[in-house]
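Structure, as structure tokens:
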Amino acid sequence: MSSAYLPHEAEIFERLEEGRDIFTLRLRFTDPQMHAAYRFDPGQFNMLYVYGVGEIPISIVSDPEDEHAYDHTIRRLGRVTHTLAELKQGDRIGVRGAFGRGWPMQQAEDKDMVIITGGLGCAPVVSVINYVLNRRERFRRLIIMQGVKHANDLIWREKYETWNRMPDTQVVLAASQGGQGWPWATGHITELVSEIDFDPQNCSVMMCGPEGMMIAALKELLPRQVPEPSIWLSMERNMQCAVGHCGHCQHGPNFVCKDGPVFNYPEIKPLLGIRGF
Ligand SMILES: Cc1cc2nc3c(=O)[nH]c(=O)nc-3n(C[C@H](O)[C@H](O)[C@H](O)COP(=O)(O)OP(=O)(O)OC[C@H]3O[C@@H](n4cnc5c(N)ncnc54)[C@H](O)[C@@H]3O)c2cc1C
Ligand code: FES
């Protein structure tokens, strides 16, 4: 059996409550050598294995150069995520990874970067935001757009406010249902794409979230003359092996686990939004 199938033991170094049903687990491999050798790129994911319960893919949200721990922000949904939510500091799980193709950070250098996310879609791009802010001189304008259904669904409010105060950085938030005390826009985040200030001819757009949201964003971006190869999307499919063998995550000719989860728009354009794919 290939070692890619074998989970390695990791310990919960810290646990953070992020919001209603959302929490972050900061993990370290229990083998110090394994921990020191562990590498990942922004946009990659790990398979988290809760012994006796099951294994699921979860994006890595920390900066690749943070040596202390690697972080996963998780929404409580079903069997595995409910059990993960019960774990405390010091508890242990199995981890395989990092897997998949991450965001094209080197190609994005010297360009404006537009990040558009919906719901917990923001998780896989937090590592991108941290990466850019820690290497600010390599990138131009950073625009962070995040949409949620309800104002209460927004996590990391303080982080967004901090990012919005950074030089050459703009944060745009929208909730479909804003309500009292919601200082940002009300409506769909994609409706605001036409209003943001960036250079369409020299940008990278990175999107993550429900497919319908990403399709709506494309309808705003393409008329602004953003070239199709400048647009990148992170896709979600059910996974089992995570290494391109089992076929569970197949998306046309691609395996989301191995060829993605981050795809260049022209690669997946023909199948985007088609039921069954
Ligand atoms: C590459 C990749 C990265 C991911 N990164 C993250 C992450 O950073 N944080 C995170 O919280 N989740 C992430 N997910 C989704 C996560 O893997 C699923 O939510 C998880 O598998 C649910 O497992 P469960 O056993 O708790 O729920 P299950 O028992 O499998 O499902 C419970 C219910 O939720 C529904 N459901 C399952 N998965 C999803 C989903 N993705 N979206 C909406 N409904 C769903 C099911 O249909 C079912 O009704 C990612 C998925 C992929 C493919
Ligand atoms: S999860 Fe097995 S091929 Fe992708």
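Lettering and numbering for the structure tokens are positional, with chains as A, B, ... in the shown order, residues counted from 1 in each chain, and ligands counted from 1 in the shown order.
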Shell of 9 Å around Ala123 (chain A), only C-alpha atoms, local chain residues under 2 positions omitted, as a VMD selection string: chain A and resid 59 to 61 72 to 74 117 119 to 121 125 to 127 208
Site check for ligand 2: residues at most 12 Å away, only C-alpha atoms and all ligand atoms, as an MDAnalysis selection string: chainID A and resid 4:5 45:47 55:57 99:100 235:261
Per-residue DSSP, region 67-165 of chain A, filtered to helix (DSSP H, G or I), as number ranges by chain: A: 79-86, 119-134, 136-138, 151-153, 157-164
Write the residues of the preceding selection, restricted to N, CA and C atoms, as an mmCIF file, in the first residue's frame.
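Once everything was written out, this is out29.cif:
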data_model
loop_
_atom_site.group_PDB
_atom_site.id
_atom_site.type_symbol
_atom_site.label_atom_id
_atom_site.label_comp_id
_atom_site.auth_asym_id
_atom_site.auth_seq_id
_atom_site.Cartn_x
_atom_site.Cartn_y
_atom_site.Cartn_z
ATOM 1 N N ARG A 79 -21.576 13.568 10.016
ATOM 2 C CA ARG A 79 -20.936 12.623 10.940
ATOM 3 C C ARG A 79 -19.509 13.045 11.348
ATOM 4 N N VAL A 80 -18.632 13.223 10.357
ATOM 5 C CA VAL A 80 -17.222 13.466 10.688
ATOM 6 C C VAL A 80 -17.029 14.860 11.290
ATOM 7 N N THR A 81 -17.663 15.856 10.686
ATOM 8 C CA THR A 81 -17.451 17.225 11.192
ATOM 9 C C THR A 81 -18.068 17.400 12.594
ATOM 10 N N HIS A 82 -19.165 16.690 12.893
ATOM 11 C CA HIS A 82 -19.723 16.760 14.246
ATOM 12 C C HIS A 82 -18.741 16.180 15.262
ATOM 13 N N THR A 83 -18.087 15.079 14.866
ATOM 14 C CA THR A 83 -17.139 14.465 15.803
ATOM 15 C C THR A 83 -15.907 15.356 15.952
ATOM 16 N N LEU A 84 -15.438 15.938 14.839
ATOM 17 C CA LEU A 84 -14.292 16.855 14.935
ATOM 18 C C LEU A 84 -14.617 18.019 15.881
ATOM 19 N N ALA A 85 -15.886 18.461 15.817
ATOM 20 C CA ALA A 85 -16.303 19.611 16.639
ATOM 21 C C ALA A 85 -16.239 19.293 18.135
ATOM 22 N N GLU A 86 -16.313 18.013 18.488
ATOM 23 C CA GLU A 86 -16.283 17.631 19.914
ATOM 24 C C GLU A 86 -14.859 17.536 20.454
ATOM 25 N N GLY A 119 -19.893 32.017 1.547
ATOM 26 C CA GLY A 119 -20.059 31.075 2.652
ATOM 27 C C GLY A 119 -18.726 30.741 3.275
ATOM 28 N N LEU A 120 -18.518 29.451 3.570
ATOM 29 C CA LEU A 120 -17.228 29.041 4.148
ATOM 30 C C LEU A 120 -16.174 28.904 3.054
ATOM 31 N N GLY A 121 -16.541 29.266 1.814
ATOM 32 C CA GLY A 121 -15.574 29.302 0.708
ATOM 33 C C GLY A 121 -14.384 30.163 1.034
ATOM 34 N N CYS A 122 -14.545 31.059 2.026
ATOM 35 C CA CYS A 122 -13.421 31.924 2.378
ATOM 36 C C CYS A 122 -12.267 31.120 2.962
ATOM 37 N N ALA A 123 -12.539 29.930 3.527
ATOM 38 C CA ALA A 123 -11.471 29.187 4.218
ATOM 39 C C ALA A 123 -10.255 28.919 3.318
ATOM 40 N N PRO A 124 -10.431 28.361 2.115
ATOM 41 C CA PRO A 124 -9.246 28.046 1.326
ATOM 42 C C PRO A 124 -8.455 29.262 0.853
ATOM 43 N N VAL A 125 -9.043 30.462 0.908
ATOM 44 C CA VAL A 125 -8.280 31.623 0.441
ATOM 45 C C VAL A 125 -7.651 32.426 1.586
ATOM 46 N N VAL A 126 -7.937 32.056 2.823
ATOM 47 C CA VAL A 126 -7.304 32.771 3.931
ATOM 48 C C VAL A 126 -5.790 32.581 3.851
ATOM 49 N N SER A 127 -5.360 31.389 3.441
ATOM 50 C CA SER A 127 -3.909 31.170 3.319
ATOM 51 C C SER A 127 -3.337 32.055 2.207
ATOM 52 N N VAL A 128 -4.143 32.328 1.163
ATOM 53 C CA VAL A 128 -3.687 33.218 0.084
ATOM 54 C C VAL A 128 -3.530 34.639 0.641
ATOM 55 N N ILE A 129 -4.539 35.080 1.393
ATOM 56 C CA ILE A 129 -4.512 36.444 1.936
ATOM 57 C C ILE A 129 -3.296 36.605 2.862
ATOM 58 N N ASN A 130 -3.098 35.617 3.747
ATOM 59 C CA ASN A 130 -1.934 35.681 4.644
ATOM 60 C C ASN A 130 -0.638 35.694 3.845
ATOM 61 N N TYR A 131 -0.609 34.881 2.790
ATOM 62 C CA TYR A 131 0.593 34.778 1.953
ATOM 63 C C TYR A 131 0.909 36.143 1.328
ATOM 64 N N VAL A 132 -0.120 36.802 0.773
ATOM 65 C CA VAL A 132 0.092 38.098 0.113
ATOM 66 C C VAL A 132 0.510 39.146 1.137
ATOM 67 N N LEU A 133 -0.190 39.190 2.288
ATOM 68 C CA LEU A 133 0.103 40.231 3.276
ATOM 69 C C LEU A 133 1.495 40.048 3.886
ATOM 70 N N ASN A 134 1.982 38.805 3.925
ATOM 71 C CA ASN A 134 3.335 38.570 4.452
ATOM 72 C C ASN A 134 4.421 38.820 3.408
ATOM 73 N N ARG A 136 4.000 41.517 0.880
ATOM 74 C CA ARG A 136 3.180 42.549 0.252
ATOM 75 C C ARG A 136 3.823 43.171 -0.981
ATOM 76 N N GLU A 137 5.176 43.293 -0.970
ATOM 77 C CA GLU A 137 5.850 43.997 -2.064
ATOM 78 C C GLU A 137 5.759 43.237 -3.395
ATOM 79 N N ARG A 138 5.418 41.960 -3.341
ATOM 80 C CA ARG A 138 5.388 41.165 -4.583
ATOM 81 C C ARG A 138 4.071 41.308 -5.348
ATOM 82 N N ALA A 151 -26.031 37.969 7.932
ATOM 83 C CA ALA A 151 -24.943 38.692 8.611
ATOM 84 C C ALA A 151 -24.300 37.837 9.704
ATOM 85 N N ASN A 152 -25.108 37.032 10.414
ATOM 86 C CA ASN A 152 -24.558 36.208 11.505
ATOM 87 C C ASN A 152 -23.635 35.109 11.003
ATOM 88 N N ASP A 153 -23.674 34.824 9.694
ATOM 89 C CA ASP A 153 -22.812 33.764 9.155
ATOM 90 C C ASP A 153 -21.377 34.242 8.943
ATOM 91 N N ARG A 157 -14.802 38.579 11.364
ATOM 92 C CA ARG A 157 -15.139 39.987 11.153
ATOM 93 C C ARG A 157 -13.934 40.883 11.474
ATOM 94 N N GLU A 158 -13.242 40.548 12.590
ATOM 95 C CA GLU A 158 -12.094 41.393 12.971
ATOM 96 C C GLU A 158 -10.965 41.300 11.962
ATOM 97 N N LYS A 159 -10.771 40.071 11.417
ATOM 98 C CA LYS A 159 -9.717 39.917 10.403
ATOM 99 C C LYS A 159 -10.033 40.779 9.194
ATOM 100 N N TYR A 160 -11.298 40.758 8.739
ATOM 101 C CA TYR A 160 -11.673 41.561 7.561
ATOM 102 C C TYR A 160 -11.433 43.039 7.833
ATOM 103 N N GLU A 161 -11.768 43.480 9.066
ATOM 104 C CA GLU A 161 -11.593 44.904 9.383
ATOM 105 C C GLU A 161 -10.102 45.256 9.390
ATOM 106 N N THR A 162 -9.281 44.354 9.902
ATOM 107 C CA THR A 162 -7.826 44.590 9.905
ATOM 108 C C THR A 162 -7.301 44.624 8.478
ATOM 109 N N TRP A 163 -7.717 43.651 7.665
ATOM 110 C CA TRP A 163 -7.241 43.605 6.267
ATOM 111 C C TRP A 163 -7.633 44.883 5.522
ATOM 112 N N ASN A 164 -8.836 45.394 5.819
ATOM 113 C CA ASN A 164 -9.346 46.582 5.112
ATOM 114 C C ASN A 164 -8.503 47.822 5.410
#
Counting only C-alpha atoms and all ligand atoms, the option among A:Trp182, A:Phe263, A:Phe29, A:Phe198 closest to ligand 1: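 Among the listed residues, the smallest separation from ligand 1 belongs to A:Phe263.
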Nearest candidate to ligand 1 (options A:Leu233, A:Ala185, A:Met145, A:Ala216; using only C-alpha atoms and all ligand atoms):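 Smallest distance to ligand 1 is found for A:Leu233.
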Region 159-208 of chain A: residues DSSP assigns to strand (DSSP E), reported as a ChimeraX atom specification: /A:169-177,185-186,203-208
Atom pair CA of Leu6 (chain A) / CA of Pro32 (chain A): separation (Å):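 Straight-line distance from CA of Leu6 (chain A) to CA of Pro32 (chain A) works out to 17.3 Å.
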Find the spatial neighbours of Met207 (chain A), counting only C-alpha atoms, within a cut-off of 8 Å - ignore same-chain residues fewer than 2 positions away - and output them as a compact mmCIF listing (two decimals) with N, CA, C and O atoms, in the first residue's frame.
# COMPACT_ATOMS: atom_id res chain seq x y z
N ILE A 115 -10.14 38.43 -4.91
CA ILE A 115 -10.56 37.18 -4.27
C ILE A 115 -12.07 37.27 -4.03
O ILE A 115 -12.54 38.21 -3.40
N ILE A 116 -12.82 36.31 -4.57
CA ILE A 116 -14.28 36.34 -4.41
C ILE A 116 -14.72 35.02 -3.78
O ILE A 116 -14.48 33.95 -4.35
N THR A 117 -15.34 35.12 -2.61
CA THR A 117 -15.73 33.89 -1.92
C THR A 117 -17.16 34.00 -1.37
O THR A 117 -17.67 35.09 -1.14
N VAL A 205 -7.84 36.49 -10.63
CA VAL A 205 -9.07 36.38 -9.85
C VAL A 205 -9.11 34.98 -9.26
O VAL A 205 -8.93 33.99 -9.98
N GLY A 209 -16.36 28.85 -3.41
CA GLY A 209 -17.68 28.93 -2.80
C GLY A 209 -18.66 28.11 -3.61
O GLY A 209 -18.25 27.29 -4.45
N MET A 214 -20.01 31.30 -8.13
CA MET A 214 -18.85 31.52 -9.00
C MET A 214 -19.32 31.80 -10.44
O MET A 214 -18.73 32.64 -11.13
N ILE A 231 -8.55 33.74 -14.51
CA ILE A 231 -9.56 33.39 -13.48
C ILE A 231 -9.33 31.96 -12.99
O ILE A 231 -9.18 31.03 -13.79
N TRP A 232 -9.33 31.79 -11.66
CA TRP A 232 -9.08 30.48 -11.02
C TRP A 232 -10.21 30.18 -10.06
O TRP A 232 -10.70 31.06 -9.36
N LEU A 233 -10.65 28.91 -10.05
CA LEU A 233 -11.77 28.51 -9.20
C LEU A 233 -11.38 27.28 -8.38
O LEU A 233 -10.75 26.37 -8.92
N SER A 234 -11.78 27.24 -7.13
CA SER A 234 -11.55 26.04 -6.31
C SER A 234 -12.86 25.24 -6.27
O SER A 234 -13.90 25.78 -5.90
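Distances from A:Gln44, A:Gln146, A:Asn264, A:Ser204 to Trp184 (chain A) were compared using only C-alpha atoms, and the smallest one belongs to A:Gln146.
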Two-atom distance - CA of Glu65 (chain A), CA of Arg39 (chain A) (Å):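 Value for the CA of Glu65 (chain A)-CA of Arg39 (chain A) distance: 8.6 Å.
Restricting the calculation to only C-alpha atoms and all ligand atoms, the smallest distance between ligand 1 and any of A:Val171, A:Val262, A:Met166, A:Met113 is found for A:Val262.
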Proximity to ligand 1 - best of A:Leu87, A:Leu154, A:Leu48, A:Cys203, only C-alpha atoms and all ligand atoms: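 Closest to ligand 1 of all the choices is A:Leu48.
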